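Shown here: protein09.pdb, PDB, N, CA and C atoms.
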```pdb
ATOM      1  N   MET R 225     261.670 133.348 138.548  1.00  0.00           N
ATOM      2  CA  MET R 225     261.351 132.002 138.113  1.00  0.00           C
ATOM      3  C   MET R 225     260.364 131.386 139.091  1.00  0.00           C
ATOM      4  N   ALA R 226     259.342 130.731 138.557  1.00  0.00           N
ATOM      5  CA  ALA R 226     258.312 130.129 139.396  1.00  0.00           C
ATOM      6  C   ALA R 226     258.871 128.913 140.127  1.00  0.00           C
ATOM      7  N   ASP R 227     258.290 128.658 141.294  1.00  0.00           N
ATOM      8  CA  ASP R 227     258.676 127.459 142.036  1.00  0.00           C
ATOM      9  C   ASP R 227     258.250 126.231 141.255  1.00  0.00           C
ATOM     10  N   LYS R 228     259.038 125.188 141.335  1.00  0.00           N
ATOM     11  CA  LYS R 228     258.714 123.928 140.662  1.00  0.00           C
ATOM     12  C   LYS R 228     258.609 122.835 141.697  1.00  0.00           C
ATOM     13  N   LYS R 229     257.759 121.873 141.424  1.00  0.00           N
ATOM     14  CA  LYS R 229     257.594 120.708 142.289  1.00  0.00           C
ATOM     15  C   LYS R 229     258.627 119.656 141.925  1.00  0.00           C
ATOM     16  N   SER R 230     259.137 118.978 142.917  1.00  0.00           N
ATOM     17  CA  SER R 230     260.060 117.867 142.708  1.00  0.00           C
ATOM     18  C   SER R 230     259.298 116.571 142.898  1.00  0.00           C
ATOM     19  N   ILE R 231     259.570 115.591 142.018  1.00  0.00           N
ATOM     20  CA  ILE R 231     258.945 114.279 142.152  1.00  0.00           C
ATOM     21  C   ILE R 231     260.002 113.207 141.946  1.00  0.00           C
ATOM     22  N   LEU R 232     259.729 112.042 142.461  1.00  0.00           N
ATOM     23  CA  LEU R 232     260.564 110.875 142.224  1.00  0.00           C
ATOM     24  C   LEU R 232     259.915 110.111 141.075  1.00  0.00           C
ATOM     25  N   LEU R 233     260.680 109.826 140.034  1.00  0.00           N
ATOM     26  CA  LEU R 233     260.158 109.122 138.866  1.00  0.00           C
ATOM     27  C   LEU R 233     260.927 107.826 138.694  1.00  0.00           C
ATOM     28  N   ARG R 234     260.210 106.728 138.688  1.00  0.00           N
ATOM     29  CA  ARG R 234     260.849 105.429 138.487  1.00  0.00           C
ATOM     30  C   ARG R 234     260.537 104.964 137.073  1.00  0.00           C
ATOM     31  N   ILE R 235     261.570 104.800 136.269  1.00  0.00           N
ATOM     32  CA  ILE R 235     261.402 104.319 134.901  1.00  0.00           C
ATOM     33  C   ILE R 235     262.459 103.251 134.620  1.00  0.00           C
ATOM     34  N   SER R 236     262.200 102.465 133.616  1.00  0.00           N
ATOM     35  CA  SER R 236     263.143 101.400 133.275  1.00  0.00           C
ATOM     36  C   SER R 236     264.431 102.006 132.719  1.00  0.00           C
ATOM     37  N   PRO R 237     265.536 101.293 132.837  1.00  0.00           N
ATOM     38  CA  PRO R 237     266.797 101.779 132.261  1.00  0.00           C
ATOM     39  C   PRO R 237     266.702 101.997 130.753  1.00  0.00           C
ATOM     40  N   GLU R 238     265.925 101.151 130.077  1.00  0.00           N
ATOM     41  CA  GLU R 238     265.772 101.303 128.629  1.00  0.00           C
ATOM     42  C   GLU R 238     265.067 102.604 128.273  1.00  0.00           C
ATOM     43  N   LEU R 239     263.971 102.910 128.983  1.00  0.00           N
ATOM     44  CA  LEU R 239     263.240 104.155 128.731  1.00  0.00           C
ATOM     45  C   LEU R 239     264.112 105.360 129.086  1.00  0.00           C
ATOM     46  N   TRP R 240     264.855 105.256 130.189  1.00  0.00           N
ATOM     47  CA  TRP R 240     265.749 106.346 130.582  1.00  0.00           C
ATOM     48  C   TRP R 240     266.752 106.636 129.464  1.00  0.00           C
ATOM     49  N   GLU R 241     267.318 105.592 128.891  1.00  0.00           N
ATOM     50  CA  GLU R 241     268.303 105.775 127.829  1.00  0.00           C
ATOM     51  C   GLU R 241     267.671 106.389 126.589  1.00  0.00           C
ATOM     52  N   GLN R 242     266.491 105.924 126.219  1.00  0.00           N
ATOM     53  CA  GLN R 242     265.802 106.487 125.054  1.00  0.00           C
ATOM     54  C   GLN R 242     265.486 107.965 125.260  1.00  0.00           C
ATOM     55  N   LEU R 243     264.969 108.321 126.432  1.00  0.00           N
ATOM     56  CA  LEU R 243     264.659 109.725 126.729  1.00  0.00           C
ATOM     57  C   LEU R 243     265.931 110.573 126.770  1.00  0.00           C
ATOM     58  N   ASN R 244     266.978 110.020 127.334  1.00  0.00           N
ATOM     59  CA  ASN R 244     268.246 110.738 127.427  1.00  0.00           C
ATOM     60  C   ASN R 244     268.827 111.010 126.033  1.00  0.00           C
ATOM     61  N   ARG R 245     268.742 110.015 125.157  1.00  0.00           N
ATOM     62  CA  ARG R 245     269.215 110.172 123.777  1.00  0.00           C
ATOM     63  C   ARG R 245     268.396 111.254 123.052  1.00  0.00           C
ATOM     64  N   TRP R 246     267.076 111.212 123.231  1.00  0.00           N
ATOM     65  CA  TRP R 246     266.179 112.200 122.626  1.00  0.00           C
ATOM     66  C   TRP R 246     266.506 113.596 123.155  1.00  0.00           C
ATOM     67  N   ALA R 247     266.735 113.704 124.454  1.00  0.00           N
ATOM     68  CA  ALA R 247     267.076 114.994 125.057  1.00  0.00           C
ATOM     69  C   ALA R 247     268.378 115.543 124.471  1.00  0.00           C
ATOM     70  N   ARG R 248     269.381 114.691 124.336  1.00  0.00           N
ATOM     71  CA  ARG R 248     270.647 115.145 123.742  1.00  0.00           C
ATOM     72  C   ARG R 248     270.444 115.606 122.307  1.00  0.00           C
ATOM     73  N   ASP R 249     269.625 114.886 121.534  1.00  0.00           N
ATOM     74  CA  ASP R 249     269.338 115.275 120.152  1.00  0.00           C
ATOM     75  C   ASP R 249     268.685 116.657 120.085  1.00  0.00           C
ATOM     76  N   ASP R 250     267.851 116.966 121.065  1.00  0.00           N
ATOM     77  CA  ASP R 250     267.130 118.247 121.116  1.00  0.00           C
ATOM     78  C   ASP R 250     267.870 119.310 121.935  1.00  0.00           C
ATOM     79  N   LEU R 251     269.094 118.999 122.353  1.00  0.00           N
ATOM     80  CA  LEU R 251     269.923 119.913 123.158  1.00  0.00           C
ATOM     81  C   LEU R 251     269.217 120.347 124.442  1.00  0.00           C
ATOM     82  N   ARG R 252     268.612 119.370 125.122  1.00  0.00           N
ATOM     83  CA  ARG R 252     267.946 119.625 126.403  1.00  0.00           C
ATOM     84  C   ARG R 252     268.520 118.694 127.455  1.00  0.00           C
ATOM     85  N   SER R 253     268.326 119.063 128.705  1.00  0.00           N
ATOM     86  CA  SER R 253     268.622 118.134 129.795  1.00  0.00           C
ATOM     87  C   SER R 253     267.519 117.075 129.815  1.00  0.00           C
ATOM     88  N   LEU R 254     267.772 115.965 130.465  1.00  0.00           N
ATOM     89  CA  LEU R 254     266.766 114.928 130.564  1.00  0.00           C
ATOM     90  C   LEU R 254     265.535 115.468 131.294  1.00  0.00           C
ATOM     91  N   ASN R 255     265.740 116.228 132.348  1.00  0.00           N
ATOM     92  CA  ASN R 255     264.624 116.807 133.088  1.00  0.00           C
ATOM     93  C   ASN R 255     263.789 117.718 132.184  1.00  0.00           C
ATOM     94  N   ALA R 256     264.438 118.584 131.421  1.00  0.00           N
ATOM     95  CA  ALA R 256     263.725 119.493 130.522  1.00  0.00           C
ATOM     96  C   ALA R 256     262.979 118.709 129.439  1.00  0.00           C
ATOM     97  N   GLN R 257     263.560 117.617 128.979  1.00  0.00           N
ATOM     98  CA  GLN R 257     262.904 116.805 127.948  1.00  0.00           C
ATOM     99  C   GLN R 257     261.650 116.147 128.494  1.00  0.00           C
ATOM    100  N   ILE R 258     261.730 115.604 129.694  1.00  0.00           N
ATOM    101  CA  ILE R 258     260.561 114.981 130.312  1.00  0.00           C
ATOM    102  C   ILE R 258     259.465 116.025 130.504  1.00  0.00           C
ATOM    103  N   GLU R 259     259.832 117.223 130.964  1.00  0.00           N
ATOM    104  CA  GLU R 259     258.850 118.293 131.141  1.00  0.00           C
ATOM    105  C   GLU R 259     258.239 118.676 129.791  1.00  0.00           C
ATOM    106  N   PHE R 260     259.047 118.747 128.738  1.00  0.00           N
ATOM    107  CA  PHE R 260     258.556 119.064 127.393  1.00  0.00           C
ATOM    108  C   PHE R 260     257.548 118.020 126.927  1.00  0.00           C
ATOM    109  N   VAL R 261     257.884 116.746 127.088  1.00  0.00           N
ATOM    110  CA  VAL R 261     256.998 115.666 126.654  1.00  0.00           C
ATOM    111  C   VAL R 261     255.673 115.727 127.413  1.00  0.00           C
ATOM    112  N   LEU R 262     255.745 115.964 128.712  1.00  0.00           N
ATOM    113  CA  LEU R 262     254.528 116.051 129.513  1.00  0.00           C
ATOM    114  C   LEU R 262     253.671 117.253 129.115  1.00  0.00           C
ATOM    115  N   ARG R 263     254.315 118.419 128.875  1.00  0.00           N
ATOM    116  CA  ARG R 263     253.559 119.609 128.445  1.00  0.00           C
ATOM    117  C   ARG R 263     252.863 119.362 127.111  1.00  0.00           C
ATOM    118  N   GLU R 264     253.559 118.717 126.177  1.00  0.00           N
ATOM    119  CA  GLU R 264     252.968 118.420 124.871  1.00  0.00           C
ATOM    120  C   GLU R 264     251.779 117.471 125.018  1.00  0.00           C
ATOM    121  N   ALA R 265     251.900 116.474 125.883  1.00  0.00           N
ATOM    122  CA  ALA R 265     250.802 115.537 126.102  1.00  0.00           C
ATOM    123  C   ALA R 265     249.589 116.255 126.690  1.00  0.00           C
ATOM    124  N   VAL R 266     249.819 117.158 127.629  1.00  0.00           N
ATOM    125  CA  VAL R 266     248.728 117.937 128.224  1.00  0.00           C
ATOM    126  C   VAL R 266     248.092 118.846 127.176  1.00  0.00           C
ATOM    127  N   ARG R 267     248.920 119.492 126.359  1.00  0.00           N
ATOM    128  CA  ARG R 267     248.408 120.385 125.319  1.00  0.00           C
ATOM    129  C   ARG R 267     247.556 119.604 124.327  1.00  0.00           C
ATOM    130  N   ARG R 268     248.047 118.464 123.895  1.00  0.00           N
ATOM    131  CA  ARG R 268     247.299 117.647 122.926  1.00  0.00           C
ATOM    132  C   ARG R 268     246.010 117.102 123.507  1.00  0.00           C
ATOM    133  N   ARG R 269     245.992 116.901 124.780  1.00  0.00           N
ATOM    134  CA  ARG R 269     244.785 116.399 125.453  1.00  0.00           C
ATOM    135  C   ARG R 269     243.746 117.490 125.593  1.00  0.00           C
ATOM    136  N   GLY R 270     244.161 118.753 125.385  1.00  0.00           N
ATOM    137  CA  GLY R 270     243.218 119.857 125.474  1.00  0.00           C
ATOM    138  C   GLY R 270     243.158 120.485 126.842  1.00  0.00           C
ATOM    139  N   ARG R 271     244.187 120.297 127.625  1.00  0.00           N
ATOM    140  CA  ARG R 271     244.221 120.860 128.972  1.00  0.00           C
ATOM    141  C   ARG R 271     245.237 121.993 129.097  1.00  0.00           C
ATOM    142  N   GLY R 272     245.963 122.277 128.024  1.00  0.00           N
ATOM    143  CA  GLY R 272     247.056 123.226 128.079  1.00  0.00           C
ATOM    144  C   GLY R 272     246.658 124.638 128.431  1.00  0.00           C
ATOM    145  N   GLU R 273     245.540 125.127 127.907  1.00  0.00           N
ATOM    146  CA  GLU R 273     245.144 126.504 128.179  1.00  0.00           C
ATOM    147  C   GLU R 273     244.835 126.708 129.653  1.00  0.00           C
ATOM    148  N   GLU R 274     244.168 125.737 130.269  1.00  0.00           N
ATOM    149  CA  GLU R 274     243.871 125.865 131.695  1.00  0.00           C
ATOM    150  C   GLU R 274     245.155 125.810 132.518  1.00  0.00           C
ATOM    151  N   ALA R 275     246.065 124.900 132.141  1.00  0.00           N
ATOM    152  CA  ALA R 275     247.306 124.733 132.890  1.00  0.00           C
ATOM    153  C   ALA R 275     248.230 125.931 132.719  1.00  0.00           C
ATOM    154  N   GLU R 276     248.228 126.556 131.530  1.00  0.00           N
ATOM    155  CA  GLU R 276     249.138 127.662 131.240  1.00  0.00           C
ATOM    156  C   GLU R 276     248.512 129.027 131.465  1.00  0.00           C
ATOM    157  N   GLY R 277     247.212 129.071 131.775  1.00  0.00           N
ATOM    158  CA  GLY R 277     246.573 130.357 131.985  1.00  0.00           C
ATOM    159  C   GLY R 277     246.037 130.978 130.706  1.00  0.00           C
ATOM    160  N   GLY R 278     245.821 130.188 129.647  1.00  0.00           N
ATOM    161  CA  GLY R 278     245.220 130.687 128.413  1.00  0.00           C
ATOM    162  C   GLY R 278     246.240 131.310 127.501  1.00  0.00           C
ATOM    163  N   GLY R 279     245.732 131.897 126.420  1.00  0.00           N
ATOM    164  CA  GLY R 279     246.599 132.625 125.517  1.00  0.00           C
ATOM    165  C   GLY R 279     247.044 131.873 124.297  1.00  0.00           C
ATOM    166  N   GLY R 280     246.724 130.590 124.175  1.00  0.00           N
ATOM    167  CA  GLY R 280     247.148 129.834 123.003  1.00  0.00           C
ATOM    168  C   GLY R 280     246.091 129.847 121.925  1.00  0.00           C
ATOM    169  N   THR R 281     246.351 129.149 120.845  1.00  0.00           N
ATOM    170  CA  THR R 281     245.376 129.048 119.770  1.00  0.00           C
ATOM    171  C   THR R 281     244.362 127.971 120.061  1.00  0.00           C
ATOM    172  N   GLY R 282     244.570 127.212 121.101  1.00  0.00           N
ATOM    173  CA  GLY R 282     243.621 126.178 121.476  1.00  0.00           C
ATOM    174  C   GLY R 282     244.103 124.800 121.070  1.00  0.00           C
ATOM    175  N   PRO R 283     243.505 123.780 121.654  1.00  0.00           N
ATOM    176  CA  PRO R 283     243.911 122.418 121.338  1.00  0.00           C
ATOM    177  C   PRO R 283     243.380 121.987 119.982  1.00  0.00           C
ATOM    178  N   GLU R 284     244.081 121.029 119.401  1.00  0.00           N
ATOM    179  CA  GLU R 284     243.610 120.456 118.152  1.00  0.00           C
ATOM    180  C   GLU R 284     242.452 119.539 118.457  1.00  0.00           C
ATOM    181  N   LYS R 285     241.408 119.625 117.663  1.00  0.00           N
ATOM    182  CA  LYS R 285     240.219 118.789 117.857  1.00  0.00           C
ATOM    183  C   LYS R 285     240.217 117.669 116.822  1.00  0.00           C
ATOM    184  N   PRO R 286     239.941 116.440 117.241  1.00  0.00           N
ATOM    185  CA  PRO R 286     239.851 115.365 116.262  1.00  0.00           C
ATOM    186  C   PRO R 286     238.609 115.547 115.409  1.00  0.00           C
ATOM    187  N   ASP R 287     238.624 115.020 114.195  1.00  0.00           N
ATOM    188  CA  ASP R 287     237.476 115.114 113.301  1.00  0.00           C
ATOM    189  C   ASP R 287     236.324 114.297 113.879  1.00  0.00           C
ATOM    190  N   ALA R 288     235.122 114.910 113.892  1.00  0.00           N
ATOM    191  CA  ALA R 288     233.929 114.180 114.331  1.00  0.00           C
ATOM    192  C   ALA R 288     233.363 113.430 113.125  1.00  0.00           C
ATOM    193  N   ARG R 289     233.240 112.133 113.239  1.00  0.00           N
ATOM    194  CA  ARG R 289     232.742 111.319 112.121  1.00  0.00           C
ATOM    195  C   ARG R 289     231.573 110.497 112.545  1.00  0.00           C
TER     196      ARG R 289
END
```

Represent the structure of the file as structure tokens.
Amino acid sequence: MADKKSILLRISPELWEQLNRWARDDLRSLNAQIEFVLREAVRRRGRGEEAEGGGGTGPEKPDAR
């Protein structure tokens, strides 16, 4: 298992409860849920392949209008 960085995260009690409820719904720990949400945000932003070392289908591109 790769080493992981530890950080201190300060969030409101309301946000903590919402994330905790979401994590329970998805059968994840709160820590795993936060990591999932952050990974999805990075992937959607188009940074996932660089962060993960490639291998995906690529980020979704918005329509150019």

Q | Picked residues, the PyMOL selection byres (((chain R and resi 258 and name CA) around 12) and name CA), as a ChimeraX atom specification | A | /R:231,233,235,239-240,242-247,250,252-257,259-265

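Atom to atom, atom C of Asp227 in chain R and atom C of Arg271 in chain R stand 18.3 Å apart.
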
Q: Go ahead and compute the interatomic distance for atom C of Arg248 in chain R and atom N of Ser236 in chain R, in Å to one decimal.
A: 19.2 Å

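With atom C of Lys229 in chain R on one side and CA of Val266 in chain R on the other, the separation reads 17.0 Å.
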